$ cat model-v9.cif   # mmCIF, C-alpha atoms
data_model
#
loop_
_atom_site.label_atom_id
_atom_site.label_comp_id
_atom_site.auth_asym_id
_atom_site.auth_seq_id
_atom_site.Cartn_x
_atom_site.Cartn_y
_atom_site.Cartn_z
CA MET A 1 94.64 157.29 55.11
CA SER A 2 96.82 154.35 54.10
CA PRO A 3 95.88 150.80 55.24
CA LEU A 4 98.66 150.51 57.87
CA PRO A 5 97.60 153.49 60.08
CA ARG A 6 93.98 152.39 59.76
CA LEU A 7 94.93 148.87 60.84
CA LEU A 8 96.94 150.23 63.79
CA THR A 9 94.03 152.42 64.86
CA LEU A 10 91.65 149.46 64.68
CA LEU A 11 94.09 147.30 66.66
CA ALA A 12 94.45 149.98 69.34
CA LEU A 13 90.67 150.26 69.59
CA LEU A 14 90.27 146.49 69.96
CA LEU A 15 92.98 146.30 72.63
CA SER A 16 91.37 149.10 74.62
CA MET A 17 88.06 147.23 74.57
CA ILE A 18 89.44 143.87 75.69
CA SER A 19 92.13 145.02 78.14
CA PRO A 20 89.65 145.49 81.04
CA THR A 21 88.48 141.90 80.44
CA ILE A 22 92.05 140.63 80.50
CA ALA A 23 92.69 142.45 83.77
CA LEU A 24 89.72 140.63 85.35
CA ALA A 25 91.14 137.16 84.60
CA ALA A 26 92.26 135.76 87.94
CA PRO A 27 91.48 132.68 89.98
CA ASP A 28 88.71 133.08 92.56
CA MET A 29 90.62 131.06 95.13
CA ILE A 30 93.84 129.04 95.15
CA TYR A 31 94.26 125.93 97.27
CA LEU A 32 97.69 124.39 97.75
CA VAL A 33 98.33 121.01 99.40
CA ARG A 34 101.20 118.63 99.79
CA HIS A 35 100.75 115.11 98.45
CA GLY A 36 99.46 112.50 100.88
CA GLU A 37 101.59 110.06 102.81
CA LYS A 38 103.94 108.07 100.56
CA THR A 39 104.91 104.41 100.72
CA SER A 40 108.68 104.94 100.94
CA ASP A 41 111.56 107.28 100.22
CA GLU A 42 112.25 105.67 96.84
CA LYS A 43 112.42 107.88 93.74
CA ASP A 44 108.70 107.96 92.81
CA PRO A 45 106.61 106.20 95.47
CA ALA A 46 102.85 105.78 95.48
CA LEU A 47 100.52 106.82 98.30
CA THR A 48 99.95 104.66 101.36
CA ALA A 49 96.41 103.69 102.38
CA GLN A 50 96.45 106.73 104.71
CA GLY A 51 97.65 108.94 101.83
CA ARG A 52 94.84 107.66 99.58
CA GLN A 53 92.35 108.38 102.37
CA ARG A 54 93.77 111.90 102.73
CA ALA A 55 93.42 112.46 98.96
CA GLN A 56 89.78 111.36 99.15
CA ASN A 57 89.18 113.64 102.14
CA ILE A 58 90.70 116.59 100.28
CA ALA A 59 88.41 115.81 97.34
CA THR A 60 85.39 115.76 99.65
CA MET A 61 86.50 118.95 101.38
CA LEU A 62 87.12 120.92 98.15
CA ASN A 63 84.45 119.46 95.86
CA LYS A 64 81.88 122.08 96.85
CA ALA A 65 84.50 124.85 96.39
CA GLY A 66 83.84 124.55 92.65
CA ILE A 67 87.45 123.77 91.71
CA ALA A 68 87.85 124.54 88.00
CA HIS A 69 91.54 123.61 87.51
CA VAL A 70 93.76 120.96 89.12
CA PHE A 71 97.56 121.03 88.91
CA SER A 72 100.07 118.41 90.04
CA THR A 73 103.75 117.72 89.64
CA PRO A 74 104.44 114.65 87.47
CA THR A 75 105.12 112.28 90.39
CA ASN A 76 102.89 109.34 91.36
CA ARG A 77 102.13 110.67 94.85
CA THR A 78 101.02 114.15 93.71
CA ARG A 79 98.94 112.84 90.80
CA GLN A 80 97.30 110.29 93.14
CA THR A 81 96.51 113.09 95.61
CA ALA A 82 94.98 115.29 92.89
CA GLN A 83 93.07 112.54 91.08
CA PRO A 84 90.03 112.01 93.38
CA LEU A 85 89.04 115.70 93.19
CA ALA A 86 89.80 115.96 89.47
CA GLN A 87 87.70 112.86 88.83
CA ALA A 88 84.81 114.10 90.98
CA ARG A 89 84.84 117.43 89.11
CA GLY A 90 85.38 115.87 85.64
CA LEU A 91 88.67 117.74 85.21
CA PRO A 92 92.06 116.74 83.87
CA VAL A 93 95.06 116.86 86.18
CA GLN A 94 97.42 119.36 84.55
CA GLU A 95 101.08 118.71 85.24
CA TYR A 96 103.56 121.43 86.14
CA ASP A 97 107.31 121.44 86.65
CA PRO A 98 108.14 122.00 90.34
CA ARG A 99 111.52 123.42 89.25
CA ALA A 100 109.71 126.24 87.39
CA PRO A 101 107.30 127.65 89.99
CA LYS A 102 107.02 131.09 88.36
CA THR A 103 105.70 129.47 85.17
CA LEU A 104 102.91 127.78 87.15
CA VAL A 105 102.07 130.97 89.04
CA GLU A 106 101.75 132.99 85.82
CA LYS A 107 99.56 130.30 84.25
CA VAL A 108 97.27 130.11 87.31
CA LYS A 109 96.99 133.91 87.56
CA GLY A 110 95.53 133.91 84.04
CA LEU A 111 92.75 131.47 84.94
CA THR A 112 89.28 132.00 86.35
CA GLY A 113 87.59 129.86 88.96
CA PRO A 114 89.06 128.11 92.01
CA VAL A 115 92.34 126.22 91.53
CA LEU A 116 93.98 123.29 93.35
CA VAL A 117 97.77 122.86 93.24
CA VAL A 118 99.31 119.67 94.64
CA GLY A 119 103.02 119.89 95.40
CA HIS A 120 105.77 118.85 97.78
CA SER A 121 106.97 119.89 101.22
CA ASN A 122 110.00 121.64 99.72
CA THR A 123 108.05 123.57 97.04
CA LEU A 124 104.75 124.68 98.57
CA SER A 125 106.12 127.51 100.72
CA GLU A 126 107.76 129.11 97.68
CA LEU A 127 104.57 128.74 95.64
CA VAL A 128 102.52 130.38 98.41
CA ARG A 129 105.03 133.29 98.47
CA LEU A 130 104.99 133.63 94.67
CA PHE A 131 101.19 133.81 94.71
CA GLY A 132 101.48 136.61 97.31
CA GLY A 133 100.49 134.60 100.38
CA GLN A 134 102.14 133.98 103.75
CA PRO A 135 103.35 130.36 104.06
CA GLY A 136 104.14 130.37 107.78
CA ALA A 137 106.54 127.72 109.12
CA GLU A 138 108.26 125.39 106.70
CA ILE A 139 106.49 122.08 106.10
CA ALA A 140 108.14 119.22 107.99
CA ASP A 141 109.02 115.99 106.22
CA ASN A 142 106.37 114.14 108.21
CA GLU A 143 103.63 116.78 107.77
CA TYR A 144 100.97 116.01 105.15
CA ASP A 145 97.85 117.73 106.44
CA ARG A 146 98.42 121.45 105.73
CA VAL A 147 95.99 123.06 103.28
CA TYR A 148 96.58 126.63 102.12
CA GLN A 149 93.64 128.70 100.94
CA LEU A 150 94.74 131.87 99.15
CA ILE A 151 92.03 134.46 98.70
CA PRO A 152 92.91 137.12 96.10
CA ALA A 153 91.85 140.71 96.76
CA ALA A 154 92.58 143.92 94.91
CA ASP A 155 95.33 145.00 97.28
CA ALA A 156 96.53 141.79 99.01
CA MET A 157 96.35 138.02 99.19
CA THR A 158 94.72 136.58 102.31
CA THR A 159 96.20 133.28 103.49
CA VAL A 160 94.13 130.79 105.47
CA VAL A 161 95.79 127.59 106.67
CA PHE A 162 93.76 124.60 107.78
CA THR A 163 94.33 120.85 107.95
CA SER A 164 92.99 117.82 106.15
CA LEU A 165 92.04 114.53 107.75
CA PRO A 166 93.40 112.11 108.75
CA ALA A 167 95.51 114.14 111.17
CA THR A 168 99.28 113.83 111.08
CA GLY A 169 100.91 112.77 114.32
CA PRO A 170 99.37 112.69 117.79
CA ALA A 171 96.32 114.80 118.59
CA PRO A 172 97.03 118.10 120.44
#

$ encode --input "model-v9.cif" --output "C-alpha cells"
Amino acid sequence: MSPLPRLLTLLALLLSMISPTIALAAPDMIYLVRHGEKTSDEKDPALTAQGRQRAQNIATMLNKAGIAHVFSTPTNRTRQTAQPLAQARGLPVQEYDPRAPKTLVEKVKGLTGPVLVVGHSNTLSELVRLFGGQPGAEIADNEYDRVYQLIPAADAMTTVVFTSLPATGPAP
C-alpha cells in the first residue's frame, strides 16, 4: 500500500474517533442581556449610575451560573455591563461585531460552559432567534431589564425570560 492511501485511512480513523467529541461541544446555557442604562444618546455613551448598578446586579445574579465566556459589542455601555461579571469570574470580555450575528452564534455554539452575551435593544431579538430561542416582544428603547436564558436541548431550545434589578419603569 502506498503512503497516500495509508495516510487517508489513518486520517479517516482519527476523524471517526474525534467526531463524536466535536458533536458534544455546545454551551450549557446562553444568557443574553441588553446593556444597562446609558448616559445619553451620543455615539458611544457610558453607563449611568443605575446602569452600573444593573451591571453589578447581573454579575451577582449570574456569578453562580458558572459563566465560562463573556461576549460584548465594542461599545462602552456593553463592555461596562459585561465587565463586573467577567472580572468576578476572572474572564476576558470577548468583543463581537453586532453587524455579524451569525459569526457570534457559530463561535458560541462551538464553546462549552455557560455563556453571557451583552448586546443592544435592536440586536438581541435576532441573536435569540439565531440561537434557536423565542425572543417574544421587541425590546423597547427604554427597556434595560430583560434577561434571556436559552437552555439547549437535543431537539429544541428552551427560552426563559426574566428581569434584572433595578426594575425599569413603574412597578406593576

$ resolve_selection --input "model-v9.cif" --expression "the PyMOL selection byres ((chain A and resi 112) around 9)" --output "ChimeraX atom specification"
/A:24-29,68-69,108-111,113-115

$ atom_distance --input "model-v9.cif" --atom1 "atom CA of A:Leu32" --atom2 "atom CA of A:Pro152"
13.7 Å

$ closest_residue --input "model-v9.cif" --among "A:Thr78, A:Thr159, A:Asn142, A:Gln56" --to "A:Pro98" --atoms "only C-alpha atoms"
A:Thr78

$ resolve_selection --input "model-v9.cif" --expression "the PyMOL selection byres ((chain A and resi 87) around 12)" --output "PDB file with C-alpha atoms, keeping the file's coordinate frame"
ATOM      1  CA  ALA A  55      93.420 112.460  98.960  1.00  0.00           C
ATOM      2  CA  GLN A  56      89.780 111.360  99.150  1.00  0.00           C
ATOM      3  CA  ALA A  59      88.410 115.810  97.340  1.00  0.00           C
ATOM      4  CA  THR A  60      85.390 115.760  99.650  1.00  0.00           C
ATOM      5  CA  ASN A  63      84.450 119.460  95.860  1.00  0.00           C
ATOM      6  CA  ILE A  67      87.450 123.770  91.710  1.00  0.00           C
ATOM      7  CA  ALA A  68      87.850 124.540  88.000  1.00  0.00           C
ATOM      8  CA  HIS A  69      91.540 123.610  87.510  1.00  0.00           C
ATOM      9  CA  VAL A  70      93.760 120.960  89.120  1.00  0.00           C
ATOM     10  CA  ARG A  79      98.940 112.840  90.800  1.00  0.00           C
ATOM     11  CA  GLN A  80      97.300 110.290  93.140  1.00  0.00           C
ATOM     12  CA  THR A  81      96.510 113.090  95.610  1.00  0.00           C
ATOM     13  CA  ALA A  82      94.980 115.290  92.890  1.00  0.00           C
ATOM     14  CA  GLN A  83      93.070 112.540  91.080  1.00  0.00           C
ATOM     15  CA  PRO A  84      90.030 112.010  93.380  1.00  0.00           C
ATOM     16  CA  LEU A  85      89.040 115.700  93.190  1.00  0.00           C
ATOM     17  CA  ALA A  86      89.800 115.960  89.470  1.00  0.00           C
ATOM     18  CA  ALA A  88      84.810 114.100  90.980  1.00  0.00           C
ATOM     19  CA  ARG A  89      84.840 117.430  89.110  1.00  0.00           C
ATOM     20  CA  GLY A  90      85.380 115.870  85.640  1.00  0.00           C
ATOM     21  CA  LEU A  91      88.670 117.740  85.210  1.00  0.00           C
ATOM     22  CA  PRO A  92      92.060 116.740  83.870  1.00  0.00           C
ATOM     23  CA  VAL A  93      95.060 116.860  86.180  1.00  0.00           C
TER      24      VAL A  93
END

$ resolve_selection --input "model-v9.cif" --expression "the PyMOL selection byres ((chain A and resi 145) around 8)" --output "number ranges by chain"
A: 33-34, 36, 143-144, 146-147, 163-168

$ write_last_selection --input "model-v9.cif" --atoms "C-alpha atoms" --output "PDB file, in the coordinates of the input"
ATOM      1  CA  VAL A  33      98.330 121.010  99.400  1.00  0.00           C
ATOM      2  CA  ARG A  34     101.200 118.630  99.790  1.00  0.00           C
ATOM      3  CA  GLY A  36      99.460 112.500 100.880  1.00  0.00           C
ATOM      4  CA  GLU A 143     103.630 116.780 107.770  1.00  0.00           C
ATOM      5  CA  TYR A 144     100.970 116.010 105.150  1.00  0.00           C
ATOM      6  CA  ARG A 146      98.420 121.450 105.730  1.00  0.00           C
ATOM      7  CA  VAL A 147      95.990 123.060 103.280  1.00  0.00           C
ATOM      8  CA  THR A 163      94.330 120.850 107.950  1.00  0.00           C
ATOM      9  CA  SER A 164      92.990 117.820 106.150  1.00  0.00           C
ATOM     10  CA  LEU A 165      92.040 114.530 107.750  1.00  0.00           C
ATOM     11  CA  PRO A 166      93.400 112.110 108.750  1.00  0.00           C
ATOM     12  CA  ALA A 167      95.510 114.140 111.170  1.00  0.00           C
ATOM     13  CA  THR A 168      99.280 113.830 111.080  1.00  0.00           C
TER      14      THR A 168
END

$ residues_around --input "model-v9.cif" --residues "A:Arg129" --least-positions-apart "4" --cutoff "12 Å" --atoms "all atoms listed in the file" --output "PyMOL selection string"
chain A and resi 32+101-102+105+123-125+133-136+138+148+150+157-159

$ atom_distance --input "model-v9.cif" --atom1 "atom CA of A:Ala156" --atom2 "atom CA of A:Phe71"
23.1 Å

$ atom_distance --input "model-v9.cif" --atom1 "atom CA of A:Leu104" --atom2 "atom CA of A:Phe131"
9.8 Å

$ closest_residue --input "model-v9.cif" --among "A:Thr48, A:Ala65, A:His35, A:Thr73" --to "A:Asp141" --atoms "only C-alpha atoms"
A:His35
